[in-house]
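Pasted below: coords-v4.txt, compact mmCIF, C-alpha atoms.
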```txt
# COMPACT_ATOMS: atom_id res chain seq x y z
CA MET A 296 86.98 116.96 109.51
CA ILE A 297 90.69 117.75 109.32
CA TRP A 298 91.35 115.22 112.09
CA VAL A 299 89.81 112.50 109.95
CA TRP A 300 92.26 113.32 107.15
CA ILE A 301 95.15 113.26 109.62
CA ALA A 302 94.04 109.85 110.91
CA LEU A 303 93.73 108.59 107.33
CA ALA A 304 97.14 109.94 106.25
CA PRO A 305 98.94 106.54 106.22
CA ILE A 306 96.09 105.06 104.18
CA LEU A 307 96.27 107.91 101.66
CA GLY A 308 100.03 107.43 101.38
CA GLY A 309 99.52 103.68 100.99
CA LEU A 310 97.16 104.27 98.08
CA ALA A 311 99.74 106.59 96.51
CA TYR A 312 102.43 103.93 96.93
CA GLY A 313 100.19 101.19 95.50
CA GLY A 314 99.26 103.41 92.57
CA GLU A 315 102.90 104.13 92.00
CA ARG A 316 103.78 100.44 91.85
CA VAL A 317 101.06 99.91 89.25
CA LEU A 318 102.26 102.97 87.30
CA ARG A 319 105.87 101.80 87.27
CA ALA A 320 104.77 98.34 86.16
CA ARG A 321 102.76 99.83 83.28
CA MET A 322 105.77 101.93 82.27
CA GLN A 323 107.77 98.67 82.01
CA ARG A 324 104.92 96.95 80.11
CA ARG A 325 104.05 94.74 83.05
CA GLN A 326 100.67 94.12 84.61
CA GLY A 327 101.82 95.03 88.08
CA PRO A 328 100.40 94.24 91.52
CA PRO A 329 96.87 95.25 92.60
CA ILE A 330 96.54 98.83 93.81
CA LEU A 331 95.82 97.64 97.38
CA GLN A 332 99.07 95.64 97.48
CA PRO A 333 100.71 97.78 100.24
CA PHE A 334 97.80 96.98 102.55
CA TYR A 335 98.05 93.25 101.78
CA ASP A 336 101.75 93.50 102.65
CA MET A 337 100.93 95.24 105.91
CA PHE A 338 98.31 92.66 106.91
CA LYS A 339 100.73 89.87 106.08
CA LEU A 340 103.49 91.47 108.19
CA LEU A 341 101.09 91.48 111.14
CA ASP A 342 100.80 87.70 110.81
CA LYS A 343 104.56 87.04 110.85
CA ARG A 344 106.72 86.21 113.83
CA THR A 345 108.81 89.22 114.87
CA LEU A 346 112.55 88.97 115.46
CA ILE A 347 113.81 91.81 117.65
CA VAL A 348 117.48 92.74 117.90
CA HIS A 349 117.04 94.84 121.03
CA ALA A 350 114.22 96.91 122.44
CA PRO A 351 115.49 100.48 121.71
CA HIS A 352 116.11 99.52 118.08
CA ALA A 353 112.50 98.43 117.68
CA LEU A 354 111.11 101.40 119.61
CA LEU A 355 113.08 103.92 117.52
CA ALA A 356 111.18 102.69 114.45
CA LEU A 357 107.91 103.37 116.25
CA ALA A 358 109.13 106.79 117.34
CA HIS A 359 110.22 107.59 113.79
CA PHE A 360 106.78 106.72 112.48
CA PHE A 361 104.84 108.71 115.07
CA VAL A 362 107.02 111.84 114.83
CA LEU A 363 106.64 111.70 111.07
CA TRP A 364 102.88 111.34 111.46
CA PHE A 365 102.90 114.35 113.77
CA SER A 366 104.70 116.45 111.18
CA ILE A 367 102.12 115.38 108.58
CA ALA A 368 99.40 116.44 111.03
CA ALA A 369 101.15 119.81 111.35
CA ILE A 370 101.04 120.19 107.57
CA PHE A 371 97.33 119.37 107.46
CA LEU A 372 96.63 121.81 110.29
CA GLY A 373 98.49 124.58 108.44
CA TRP A 374 101.27 125.22 110.95
CA ASN A 375 104.62 126.92 110.50
CA LEU A 376 106.70 125.56 107.62
CA LEU A 377 110.04 125.77 109.45
CA TYR A 378 108.55 123.91 112.42
CA ILE A 379 107.39 121.15 110.10
CA ILE A 380 110.79 120.84 108.41
CA PHE A 381 112.59 120.50 111.75
CA LEU A 382 110.03 117.98 113.06
CA HIS A 383 110.70 115.94 109.97
CA LEU A 384 114.46 116.25 110.55
CA PHE A 385 113.91 114.95 114.08
CA ALA A 386 112.08 111.92 112.67
CA GLN A 387 114.97 111.24 110.30
CA ILE A 388 117.48 111.48 113.13
CA LEU A 389 115.52 108.87 115.12
CA LEU A 390 115.77 106.55 112.12
CA ILE A 391 119.50 107.20 111.74
CA LEU A 392 120.04 106.45 115.44
CA ALA A 393 118.12 103.19 114.98
CA GLY A 394 120.47 102.27 112.15
CA TYR A 395 123.56 102.93 114.27
CA SER A 396 122.19 101.04 117.29
CA VAL A 397 122.74 97.55 115.86
CA ARG A 398 125.96 95.81 114.89
CA SER A 399 125.01 95.07 111.29
CA VAL A 400 127.44 96.67 108.83
CA TYR A 401 124.72 97.23 106.27
CA SER A 402 122.64 99.04 108.85
CA HIS A 403 125.58 101.37 109.58
CA LEU A 404 126.14 101.98 105.87
CA GLY A 405 122.45 102.75 105.49
CA SER A 406 122.63 105.23 108.36
CA ASN A 407 125.67 106.94 106.82
CA ARG A 408 123.79 107.30 103.58
CA GLU A 409 120.63 108.54 105.30
CA LEU A 410 122.79 111.23 106.90
CA LEU A 411 124.20 112.18 103.50
CA MET A 412 120.65 112.37 102.15
CA VAL A 413 119.63 114.71 104.98
CA VAL A 414 122.72 116.81 104.24
CA ALA A 415 121.69 116.97 100.59
CA TYR A 416 117.99 117.80 100.78
CA GLU A 417 117.65 119.75 104.02
CA PRO A 418 119.16 123.08 102.75
CA ILE A 419 116.89 122.97 99.71
CA LEU A 420 113.80 122.42 101.88
CA ILE A 421 114.79 125.40 104.04
CA LEU A 422 115.40 127.54 100.93
CA VAL A 423 111.96 126.52 99.63
CA ALA A 424 110.43 127.66 102.91
CA VAL A 425 112.37 130.95 102.69
CA GLY A 426 111.27 131.47 99.08
CA LEU A 427 107.62 130.90 99.96
CA TYR A 428 108.09 133.34 102.86
CA LEU A 429 109.58 136.03 100.60
CA VAL A 430 106.62 135.82 98.23
CA SER A 431 103.76 135.38 100.70
CA GLY A 432 105.17 137.14 103.76
CA SER A 433 104.51 134.25 106.13
CA PHE A 434 105.85 130.83 107.13
CA GLU A 435 102.36 129.61 108.07
CA ILE A 436 101.00 127.07 105.58
CA ALA A 437 97.46 128.39 106.12
CA GLU A 438 98.72 131.87 105.10
CA ILE A 439 100.78 130.58 102.18
CA LEU A 440 97.76 128.82 100.72
CA THR A 441 95.78 132.09 100.56
CA ARG A 442 98.22 133.72 98.08
CA ASP A 443 98.87 133.00 94.43
CA HIS A 444 101.47 133.09 91.61
CA TYR A 445 104.24 131.18 93.36
CA LEU A 446 105.18 129.32 90.22
CA LEU A 447 105.69 132.56 88.26
CA GLN A 448 108.00 134.04 90.87
CA LEU A 449 109.76 130.88 92.04
CA PRO A 450 110.28 128.74 88.92
CA LEU A 451 113.93 127.84 89.63
CA LEU A 452 113.15 127.05 93.25
CA PHE A 453 110.44 124.68 92.08
CA ILE A 454 112.95 122.87 89.85
CA ALA A 455 115.27 122.55 92.87
CA LEU A 456 112.38 121.05 94.87
CA VAL A 457 111.60 118.58 92.08
CA MET A 458 115.26 117.51 92.13
CA ILE A 459 115.08 116.50 95.79
CA VAL A 460 111.76 114.63 95.52
CA PRO A 461 113.53 111.40 94.36
CA ILE A 462 115.79 111.55 97.45
CA LYS A 463 112.81 111.75 99.76
CA VAL A 464 110.73 109.01 98.13
CA LYS A 465 113.87 106.89 97.52
CA LYS A 466 113.76 106.63 93.76
CA SER A 467 116.56 106.39 91.18
CA PRO A 468 118.88 108.20 90.57
CA PHE A 469 118.97 109.18 94.25
CA ASP A 470 117.91 105.97 96.04
CA VAL A 471 121.28 105.49 97.76
CA GLY A 472 119.71 105.16 101.21
CA GLU A 473 117.71 102.08 100.32
CA ALA A 474 119.79 100.54 97.50
CA HIS A 475 118.43 97.00 97.71
CA GLN A 476 121.07 95.54 95.41
CA GLU A 477 124.02 96.94 97.39
CA ILE A 478 123.10 97.36 101.05
CA VAL A 479 119.81 95.43 101.19
CA GLY A 480 117.59 98.24 102.40
CA GLY A 481 120.14 100.00 104.61
CA VAL A 482 118.55 101.08 107.88
CA GLU A 483 115.57 98.75 107.60
CA ILE A 484 117.67 95.58 107.25
CA GLU A 485 117.36 94.37 110.86
CA TYR A 486 113.63 94.97 111.17
CA SER A 487 111.02 92.27 110.77
CA GLY A 488 107.32 91.70 111.33
CA VAL A 489 105.36 94.38 113.12
CA PHE A 490 108.28 96.77 113.51
CA TYR A 491 109.18 96.62 109.86
CA GLU A 492 105.57 97.52 109.21
CA PHE A 493 106.07 100.87 110.92
CA LEU A 494 109.01 101.65 108.65
CA TYR A 495 106.92 100.51 105.68
CA MET A 496 104.13 102.90 106.69
CA SER A 497 106.55 105.77 107.32
CA ARG A 498 107.54 105.44 103.68
CA PHE A 499 103.88 106.20 102.80
CA LEU A 500 104.02 109.28 105.03
CA GLU A 501 107.20 110.49 103.29
CA TYR A 502 105.19 110.56 100.06
CA ILE A 503 102.58 112.83 101.62
CA PHE A 504 105.27 115.01 103.21
CA ILE A 505 107.27 115.80 100.09
CA TYR A 506 104.29 116.02 97.71
CA SER A 507 102.58 118.48 100.02
CA PHE A 508 105.58 120.76 99.51
CA VAL A 509 104.99 120.46 95.77
CA TYR A 510 101.31 121.20 96.37
CA LEU A 511 102.17 124.46 98.19
CA PHE A 512 103.43 125.95 94.92
CA GLY A 513 99.88 125.85 93.60
CA GLY A 514 98.86 128.55 96.09
CA GLU A 515 95.18 129.12 96.67
CA SER A 516 94.16 127.29 93.51
CA HIS A 517 93.61 123.60 94.36
CA TRP A 518 93.66 122.72 90.68
CA ILE A 519 97.16 124.04 90.03
CA GLY A 520 98.40 122.25 93.14
CA ALA A 521 96.81 118.95 92.09
CA VAL A 522 98.20 119.24 88.55
CA LEU A 523 101.67 120.01 89.92
CA VAL A 524 101.57 116.99 92.23
CA ALA A 525 100.37 114.69 89.44
CA GLY A 526 102.98 116.01 87.02
CA VAL A 527 105.86 115.65 89.47
CA PHE A 528 104.62 112.15 90.41
CA LEU A 529 104.71 111.07 86.76
CA LEU A 530 108.07 112.73 86.14
CA VAL A 531 109.72 111.17 89.18
CA ASN A 532 108.52 107.69 88.20
CA LEU A 533 109.62 108.17 84.60
CA VAL A 534 113.09 109.24 85.75
CA ASP A 535 113.14 106.33 88.20
CA ASN A 536 112.54 103.85 85.39
CA ALA A 537 115.03 105.47 83.05
CA THR A 538 118.09 106.08 85.22
CA ALA A 539 120.60 104.15 87.31
CA ARG A 540 121.65 104.95 90.86
CA VAL A 541 124.38 107.56 91.39
CA ARG A 542 126.89 107.26 94.20
CA ALA A 543 126.07 108.93 97.51
CA SER A 544 128.88 111.49 97.19
CA HIS A 545 127.83 112.29 93.62
CA MET A 546 124.27 112.79 94.82
CA VAL A 547 125.42 115.43 97.33
CA LYS A 548 127.58 117.09 94.66
CA ILE A 549 124.76 117.19 92.10
CA ILE A 550 122.25 118.59 94.57
CA TYR A 551 124.70 121.16 95.96
CA SER A 552 125.94 122.32 92.56
CA VAL A 553 122.73 122.33 90.51
CA ALA A 554 119.73 122.50 92.84
CA MET A 555 121.37 124.78 95.40
CA SER A 556 122.56 127.33 92.82
CA LEU A 557 119.14 127.33 91.14
CA ALA A 558 117.46 127.99 94.48
CA VAL A 559 119.94 130.71 95.52
CA LEU A 560 119.70 132.41 92.12
CA ASN A 561 115.94 132.55 92.39
CA LEU A 562 116.05 133.94 95.94
CA LEU A 563 118.61 136.59 94.92
CA GLY A 564 116.37 137.53 91.99
CA ILE A 565 113.48 138.14 94.38
CA LEU A 566 115.56 140.01 96.97
CA LEU A 567 117.37 142.33 94.56
CA MET B 257 95.49 86.02 114.00
CA LYS B 258 92.84 84.32 111.93
CA PHE B 259 91.77 87.50 110.11
CA PHE B 260 95.20 88.16 108.64
CA THR B 261 95.95 84.60 107.47
CA PRO B 262 94.35 84.95 103.97
CA PHE B 263 96.69 87.85 103.25
CA ARG B 264 99.74 85.58 103.45
CA LYS B 265 99.21 84.37 99.93
CA LYS B 266 98.62 87.89 98.62
CA SER B 267 102.06 89.24 99.40
CA PRO B 268 104.74 86.55 99.34
CA TRP B 269 108.19 88.13 99.61
CA VAL B 270 110.96 86.04 98.21
CA LEU B 271 114.51 85.41 99.35
CA HIS B 272 116.71 83.92 96.66
CA TYR B 273 119.88 82.06 97.63
CA ASN B 274 122.42 80.48 95.33
CA ALA B 275 123.92 77.44 97.09
CA GLY B 276 126.58 76.82 94.48
CA SER B 277 124.35 76.77 91.42
CA CYS B 278 125.65 77.19 87.85
CA ASN B 279 123.46 80.36 87.57
CA GLY B 280 121.08 78.67 85.12
CA CYS B 281 118.22 78.51 87.60
CA ASP B 282 119.06 81.97 88.97
CA ILE B 283 118.63 83.42 85.50
CA GLU B 284 115.29 81.66 85.19
CA ILE B 285 114.16 83.06 88.56
CA LEU B 286 115.12 86.55 87.44
CA ALA B 287 113.30 85.95 84.16
CA ALA B 288 110.19 85.01 86.14
CA LEU B 289 110.52 88.27 88.10
CA GLY B 290 111.06 90.31 84.92
CA PRO B 291 108.56 91.99 82.61
CA LYS B 292 107.59 88.95 80.52
CA PHE B 293 106.39 86.63 83.29
CA ASP B 294 105.90 89.40 85.88
CA LEU B 295 105.77 87.65 89.23
CA GLU B 296 105.03 91.00 90.85
CA ARG B 297 101.37 90.71 89.80
CA PHE B 298 101.08 88.14 92.62
CA GLY B 299 102.65 90.64 95.01
CA VAL B 300 106.07 88.98 94.92
CA ILE B 301 109.02 91.18 95.84
CA ASN B 302 112.59 89.92 95.75
CA THR B 303 113.61 91.33 99.13
CA GLY B 304 117.12 89.96 99.53
CA ASN B 305 116.63 90.19 103.30
CA PRO B 306 115.80 87.00 105.22
CA LYS B 307 114.11 88.83 108.09
CA GLN B 308 111.39 90.19 105.82
CA SER B 309 110.87 87.15 103.58
CA ASP B 310 108.23 84.42 103.40
CA ILE B 311 109.47 82.14 100.63
CA PHE B 312 113.00 80.81 100.42
CA LEU B 313 114.02 80.05 96.83
CA VAL B 314 117.20 77.96 96.80
CA THR B 315 119.16 76.95 93.73
CA GLY B 316 122.19 74.71 93.41
CA PRO B 317 123.50 71.53 95.03
CA VAL B 318 124.67 72.57 98.45
CA THR B 319 128.41 73.01 98.22
CA TYR B 320 130.66 72.51 101.18
CA ARG B 321 131.16 76.25 101.72
CA SER B 322 127.52 77.26 101.35
CA ARG B 323 126.05 74.91 103.98
CA GLU B 324 126.24 77.12 107.01
CA ARG B 325 124.99 80.15 105.06
CA LEU B 326 122.02 78.09 103.90
CA VAL B 327 121.14 77.05 107.44
CA GLU B 328 121.71 80.55 108.80
CA LEU B 329 119.51 82.18 106.17
CA TYR B 330 116.82 79.57 106.77
CA SER B 331 116.87 80.13 110.51
CA GLN B 332 116.68 83.91 110.09
CA ILE B 333 113.40 83.79 108.14
CA PRO B 334 110.53 84.36 110.59
CA GLU B 335 107.74 81.81 110.57
CA PRO B 336 105.51 81.04 108.67
CA LYS B 337 107.95 80.21 105.88
CA VAL B 338 108.11 77.99 102.83
CA VAL B 339 111.18 76.55 101.13
CA VAL B 340 111.16 76.00 97.37
CA ALA B 341 114.01 73.96 95.90
CA VAL B 342 114.52 75.17 92.32
CA GLY B 343 116.25 72.88 89.84
CA SER B 344 117.49 69.30 89.66
CA CYS B 345 120.66 70.00 91.63
CA THR B 346 118.74 71.43 94.54
CA THR B 347 116.25 68.58 94.71
CA THR B 348 118.55 65.58 94.22
CA GLY B 349 122.05 66.78 93.49
CA GLY B 350 121.51 66.45 89.72
CA VAL B 351 124.64 65.84 87.70
CA PHE B 352 126.74 66.55 90.78
CA ARG B 353 125.17 63.72 92.81
CA GLY B 354 127.73 61.72 94.72
CA MET B 355 130.60 64.14 94.21
CA TYR B 356 132.90 64.81 97.14
CA ASN B 357 132.23 68.54 97.38
CA VAL B 358 128.43 68.72 97.22
CA GLU B 359 125.67 67.60 99.54
CA ASP B 360 123.11 66.11 97.10
CA GLY B 361 120.27 68.58 97.58
CA ILE B 362 119.14 70.90 100.32
CA ASP B 363 116.76 68.50 102.07
CA ARG B 364 119.59 67.08 104.14
CA TYR B 365 119.78 70.43 105.86
CA ILE B 366 116.41 72.18 105.78
CA PRO B 367 112.82 70.95 105.31
CA VAL B 368 111.66 71.53 101.73
CA ASP B 369 108.02 72.20 100.85
CA VAL B 370 108.06 72.35 97.06
CA TYR B 371 110.51 70.66 94.67
CA VAL B 372 110.92 72.08 91.17
CA PRO B 373 112.56 69.75 88.62
CA GLY B 374 114.43 70.81 85.49
CA CYS B 375 117.91 71.79 84.44
CA ALA B 376 117.35 74.67 84.29
CA SER B 377 113.73 74.79 85.49
CA SER B 378 111.60 77.06 83.34
CA PRO B 379 109.98 80.28 84.61
CA GLN B 380 106.53 78.71 84.15
CA LEU B 381 107.51 75.89 86.50
CA ILE B 382 108.88 78.35 89.03
CA ILE B 383 105.64 80.34 88.96
CA ASP B 384 103.64 77.11 89.43
CA ALA B 385 105.88 76.16 92.34
CA LEU B 386 105.43 79.56 93.98
CA VAL B 387 101.64 79.33 93.65
CA LYS B 388 101.77 75.82 95.17
CA GLY B 389 104.02 77.19 97.91
CA LEU B 390 101.43 79.87 98.68
CA GLU B 391 98.81 77.20 99.46
CA ILE B 392 101.25 75.57 101.87
CA LEU B 393 102.15 78.95 103.36
CA GLU B 394 98.50 79.69 104.11
CA ALA B 395 97.98 76.33 105.84
CA LYS B 396 101.12 76.59 107.99
CA SER B 397 101.10 77.51 111.68
CA LYS B 398 103.48 79.95 113.30
CA ALA B 399 105.30 77.18 115.20
CA ILE B 400 109.07 77.46 115.08
CA GLU B 401 110.62 75.36 112.33
CA LYS B 402 114.14 74.12 112.79
CA PRO B 403 116.67 72.99 110.22
CA PHE B 404 117.53 69.28 110.25
CA LYS B 405 121.18 69.94 110.95
CA LEU B 406 122.36 72.83 113.03
CA PHE B 407 125.87 74.16 113.01
CA GLY B 408 125.23 76.09 116.19
CA ALA B 409 122.44 75.83 118.73
CA ILE B 410 119.05 77.41 119.36
CA GLU B 411 119.17 78.83 122.87
CA MET B 412 116.58 80.23 125.22
CA ILE B 413 117.59 83.51 126.85
CA GLY B 414 115.06 84.14 129.61
CA ASN B 415 111.84 82.96 127.99
CA LYS B 416 112.86 84.31 124.57
CA LEU B 417 114.22 82.21 121.79
CA SER B 418 117.58 83.37 120.50
CA ARG B 419 118.63 82.55 116.96
CA LEU B 420 121.97 84.30 117.36
CA GLY B 421 124.16 81.22 117.66
CA MET B 422 122.25 79.08 115.23
CA ALA B 423 124.82 78.80 112.49
CA THR B 424 128.00 80.17 113.99
CA LYS B 425 129.96 77.01 114.55
CA VAL B 426 131.37 75.11 111.58
CA GLU B 427 132.61 71.62 112.29
CA GLN B 428 134.21 68.94 110.24
CA HIS B 429 131.50 66.35 109.77
CA GLU B 430 131.25 63.16 107.77
CA LYS B 431 128.94 62.80 104.79
CA ASN B 432 126.02 60.47 105.27
```
Would you mind giving the structure from this file in structure tokens?
Amino acid sequence: MIWVWIALAPILGGLAYGGERVLRARMQRRQGPPILQPFYDMFKLLDKRTLIVHAPHALLALAHFFVLWFSIAAIFLGWNLLYIIFLHLFAQILLILAGYSVRSVYSHLGSNRELLMVVAYEPILILVAVGLYLVSGSFEIAEILTRDHYLLQLPLLFIALVMIVPIKVKKSPFDVGEAHQEIVGGVEIEYSGVFYEFLYMSRFLEYIFIYSFVYLFGGESHWIGAVLVAGVFLLVNLVDNATARVRASHMVKIIYSVAMSLAVLNLLGILL
Amino acid sequence: MKFFTPFRKKSPWVLHYNAGSCNGCDIEILAALGPKFDLERFGVINTGNPKQSDIFLVTGPVTYRSRERLVELYSQIPEPKVVVAVGSCTTTGGVFRGMYNVEDGIDRYIPVDVYVPGCASSPQLIIDALVKGLEILEAKSKAIEKPFKLFGAIEMIGNKLSRLGMATKVEQHEKN
């Protein structure tokens, strides 16, 4: 049964992305695209001619997608949290390498910014894993989901996690890595056709990745987890519609000063 | 593949290029994308990236400096693709027709599928033109489409087509 969910993970993420586009349109008083729009986009991309810059560049996109899918599978199977975070980091590094492997300036800029994003959110993810470990006594997701009361003991850490969700799903104010108006998509600029489709699908998987971290704070109660995910989803989209993009350096400063100190304070409170 | 062809008209991604326009038509295009007319309900995204686009929206009479960019952007869009000429200047040259520094419309350089009249053309007309363009897009094959005038050359490297040198060379050439 769990393997079916793993196989369906990109489709679940696609539904989340389609729902999000409708939600954002409704927030702006628009009608918005149909909820299956991401799948229409994917089918259309299959019917386009593909322009390839060079083979490793195209293959790195594939590798990025499959490593990401593997880390999602590890989440669904309830493996070690640290292992999952580092698998995800590996996927990001493949994408950054792809960005650096072509001569396009925008692609290089996108890679620089992806690196800055990794620098910003990775410590918080690790601190979240440490916090969950301190409360539950285990890094295993299957173990973590058998305990309760994470939100009562780790409120500040949860706020820190919510602050990095916009970085991961590329939403304002922290969408520097994509930034369509400045660097035209950054890393994904040189991709087209089938290979762009893999990057498009890996965006769906990022949704599942980061929202499953939010879900972990619900503990054994599925209801609390679902409510947390829905609440954070609404909040992130509201903030996305209401704010402008900050600069990449400011993003790192904000995350390091606010989110990091919140997370460290909470951990110190538990340890002492 | 035959199965995927109907989905072409469900997610047209748009590339918008200003070939020396006065910004009137550009504002109308952005108005059509905005909340009131909401082109996104047809699945339209303004990508800004030729390699991921299906529909090429061009505004402006082609000025001398924007010619090679126009041809390069056109040649970088993967097939199937549709070109929509938005506004009087883009279709015929408009008030600039016959001037020394413009090229009287884009159809001297690239094949145009839909012409939109008006100075500036209204968002309703642009939406109609896009919907018309979608019908053409669905009927098109994936055969390679070339611009009428190349500033570079399309080369074959091995058995692969290279678009790298398509618009690199800029030469002095007489107006016709």
Q: Determine, counting all atoms listed in the file, which protein, DNA and RNA residues have an atom within 6 Å of an atom of segment 472-479 of chain A; residues of the same chain fewer than 6 positions away are not included. Present the result as a list of chain:residue names.
A: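 Counting all atoms listed in the file, the residues come to A:Tyr401, A:Gly405, A:Arg408, A:Glu409.
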Q | Polymer residues at most 9 Å from Leu411 of chain A, only C-alpha atoms, same-chain spacing of 3 or more positions, as a list in words | A | Ser406, Asn407, Arg408, Val414, Ala415, Tyr416, Gly472, Ala543, Ser544, Met546 and Val547 of chain A
**Q.** Pairwise distance for atom CA of Leu271 of chain B and atom CA of Gln332 of chain B, rounded to one decimal in Å
**A.** 11.1 Å
Which residues of chain A come within 6 Å of chain B, and what is each one's closest atom pair and distance in Å (one decimal), counting all atoms listed in the file, sorted by chain and residue number, as a tab-separated table?
```
residue	atom	partner	partner_atom	distance
A:Arg325	CA	B:Pro291	CA	5.3
A:Gly327	CA	B:Arg297	CA	4.7
A:Pro328	CA	B:Arg297	CA	4.0
A:Tyr335	CA	B:Phe263	CA	5.8
A:Asp336	CA	B:Ser267	CA	5.4
A:Phe338	CA	B:Phe260	CA	5.7
A:Lys339	CA	B:Arg264	CA	5.1
A:Arg344	CA	B:Pro334	CA	5.3
A:Ser487	CA	B:Lys307	CA	5.3
```
Q) With only C-alpha atoms as the atoms that count, which of B:Ile383, B:Leu390, B:Ala395, B:Met355 lies nearest to Leu286 of chain B? A)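 Closest candidate: B:Ile383.
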Q.
Report as a PyMOL selection string all protein, DNA and RNA residues lying within 9 Å of Asp443 of chain A, evaluated on all atoms listed in the file, omitting residues in the same chain fewer than 2 positions from it.
A. chain A and resi 431+439-441+445-446+512-516
Q. Between atom CA of Ile382 of chain B and atom CA of His272 of chain B, what is the distance, to one decimal in Å?
A.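 According to the coordinates, atom CA of Ile382 of chain B and atom CA of His272 of chain B are separated by 12.3 Å.
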Q | Interatomic distance, atom CA of Val314 of chain B to atom CA of Leu386 of chain B (Å, one decimal) | A |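 Calculated distance between atom CA of Val314 of chain B and atom CA of Leu386 of chain B is 12.2 Å.
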Q: For segment 348-358 of chain A, please output as a PyMOL selection string all residues within 9 Å (counting all atoms listed in the file; exclusion window: fewer than 2 positions along the same chain).
A: chain A and resi 346+360-363+386+389-390+392-394+396-397+485-486+490-491+493-494
Q) In file coordinates, which residues lie within 10 Å of (107.4, 112.3, 101.2) using only C-alpha atoms, given as a list in words? A)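 In the file's frame, the residues around the point are Gly308, Leu363, Ile367, Val460, Pro461, Ile462, Lys463, Val464, Lys465, Ser497, Arg498, Phe499, Leu500, Glu501, Tyr502, Ile503, Phe504, Ile505, Tyr506, Ser507 and Phe508 of chain A.
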Q) B:Tyr356, B:Asn274, B:Tyr330, B:Thr347: which is nearest Val370 of chain B, counting only C-alpha atoms? A)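 Nearest to Val370 of chain B: B:Thr347.
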Since the input is missing atoms for segment 292-303 of chain B, could you rebuild it with N, CA, C and O atoms and give the result as a PDB file, keeping the file's coordinate frame?
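Output saved as rebuild07.pdb:
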```pdb
ATOM      1  N   LYS B 292     108.377  89.880  81.320  1.00  0.00           N
ATOM      2  CA  LYS B 292     107.590  88.950  80.520  1.00  0.00           C
ATOM      3  C   LYS B 292     106.673  88.090  81.398  1.00  0.00           C
ATOM      4  O   LYS B 292     105.488  87.977  81.126  1.00  0.00           O
ATOM      5  N   PHE B 293     107.216  87.501  82.451  1.00  0.00           N
ATOM      6  CA  PHE B 293     106.390  86.630  83.290  1.00  0.00           C
ATOM      7  C   PHE B 293     105.802  87.366  84.482  1.00  0.00           C
ATOM      8  O   PHE B 293     104.794  86.970  85.017  1.00  0.00           O
ATOM      9  N   ASP B 294     106.461  88.437  84.927  1.00  0.00           N
ATOM     10  CA  ASP B 294     105.900  89.400  85.880  1.00  0.00           C
ATOM     11  C   ASP B 294     105.335  88.765  87.138  1.00  0.00           C
ATOM     12  O   ASP B 294     104.144  88.752  87.376  1.00  0.00           O
ATOM     13  N   LEU B 295     106.231  88.211  87.962  1.00  0.00           N
ATOM     14  CA  LEU B 295     105.770  87.650  89.230  1.00  0.00           C
ATOM     15  C   LEU B 295     105.191  88.701  90.163  1.00  0.00           C
ATOM     16  O   LEU B 295     104.495  88.369  91.108  1.00  0.00           O
ATOM     17  N   GLU B 296     105.494  89.987  89.910  1.00  0.00           N
ATOM     18  CA  GLU B 296     105.030  91.000  90.850  1.00  0.00           C
ATOM     19  C   GLU B 296     103.516  91.137  90.835  1.00  0.00           C
ATOM     20  O   GLU B 296     102.936  91.682  91.759  1.00  0.00           O
ATOM     21  N   ARG B 297     102.842  90.619  89.784  1.00  0.00           N
ATOM     22  CA  ARG B 297     101.370  90.710  89.800  1.00  0.00           C
ATOM     23  C   ARG B 297     100.767  89.861  90.896  1.00  0.00           C
ATOM     24  O   ARG B 297      99.625  90.048  91.284  1.00  0.00           O
ATOM     25  N   PHE B 298     101.542  88.880  91.443  1.00  0.00           N
ATOM     26  CA  PHE B 298     101.080  88.140  92.620  1.00  0.00           C
ATOM     27  C   PHE B 298     101.513  88.817  93.907  1.00  0.00           C
ATOM     28  O   PHE B 298     101.302  88.274  94.989  1.00  0.00           O
ATOM     29  N   GLY B 299     102.165  89.965  93.816  1.00  0.00           N
ATOM     30  CA  GLY B 299     102.650  90.640  95.010  1.00  0.00           C
ATOM     31  C   GLY B 299     104.045  90.229  95.419  1.00  0.00           C
ATOM     32  O   GLY B 299     104.498  90.578  96.491  1.00  0.00           O
ATOM     33  N   VAL B 300     104.730  89.464  94.564  1.00  0.00           N
ATOM     34  CA  VAL B 300     106.070  88.980  94.920  1.00  0.00           C
ATOM     35  C   VAL B 300     107.079  90.113  94.835  1.00  0.00           C
ATOM     36  O   VAL B 300     107.109  90.858  93.861  1.00  0.00           O
ATOM     37  N   ILE B 301     107.875  90.273  95.885  1.00  0.00           N
ATOM     38  CA  ILE B 301     109.020  91.180  95.840  1.00  0.00           C
ATOM     39  C   ILE B 301     110.254  90.357  96.163  1.00  0.00           C
ATOM     40  O   ILE B 301     110.232  89.528  97.078  1.00  0.00           O
ATOM     41  N   ASN B 302     111.320  90.565  95.426  1.00  0.00           N
ATOM     42  CA  ASN B 302     112.590  89.920  95.750  1.00  0.00           C
ATOM     43  C   ASN B 302     113.282  90.790  96.798  1.00  0.00           C
ATOM     44  O   ASN B 302     113.898  91.785  96.470  1.00  0.00           O
ATOM     45  N   THR B 303     113.137  90.421  98.088  1.00  0.00           N
ATOM     46  CA  THR B 303     113.610  91.330  99.130  1.00  0.00           C
ATOM     47  C   THR B 303     115.117  91.266  99.318  1.00  0.00           C
ATOM     48  O   THR B 303     115.728  92.273  99.585  1.00  0.00           O
TER      49      THR B 303
END
```
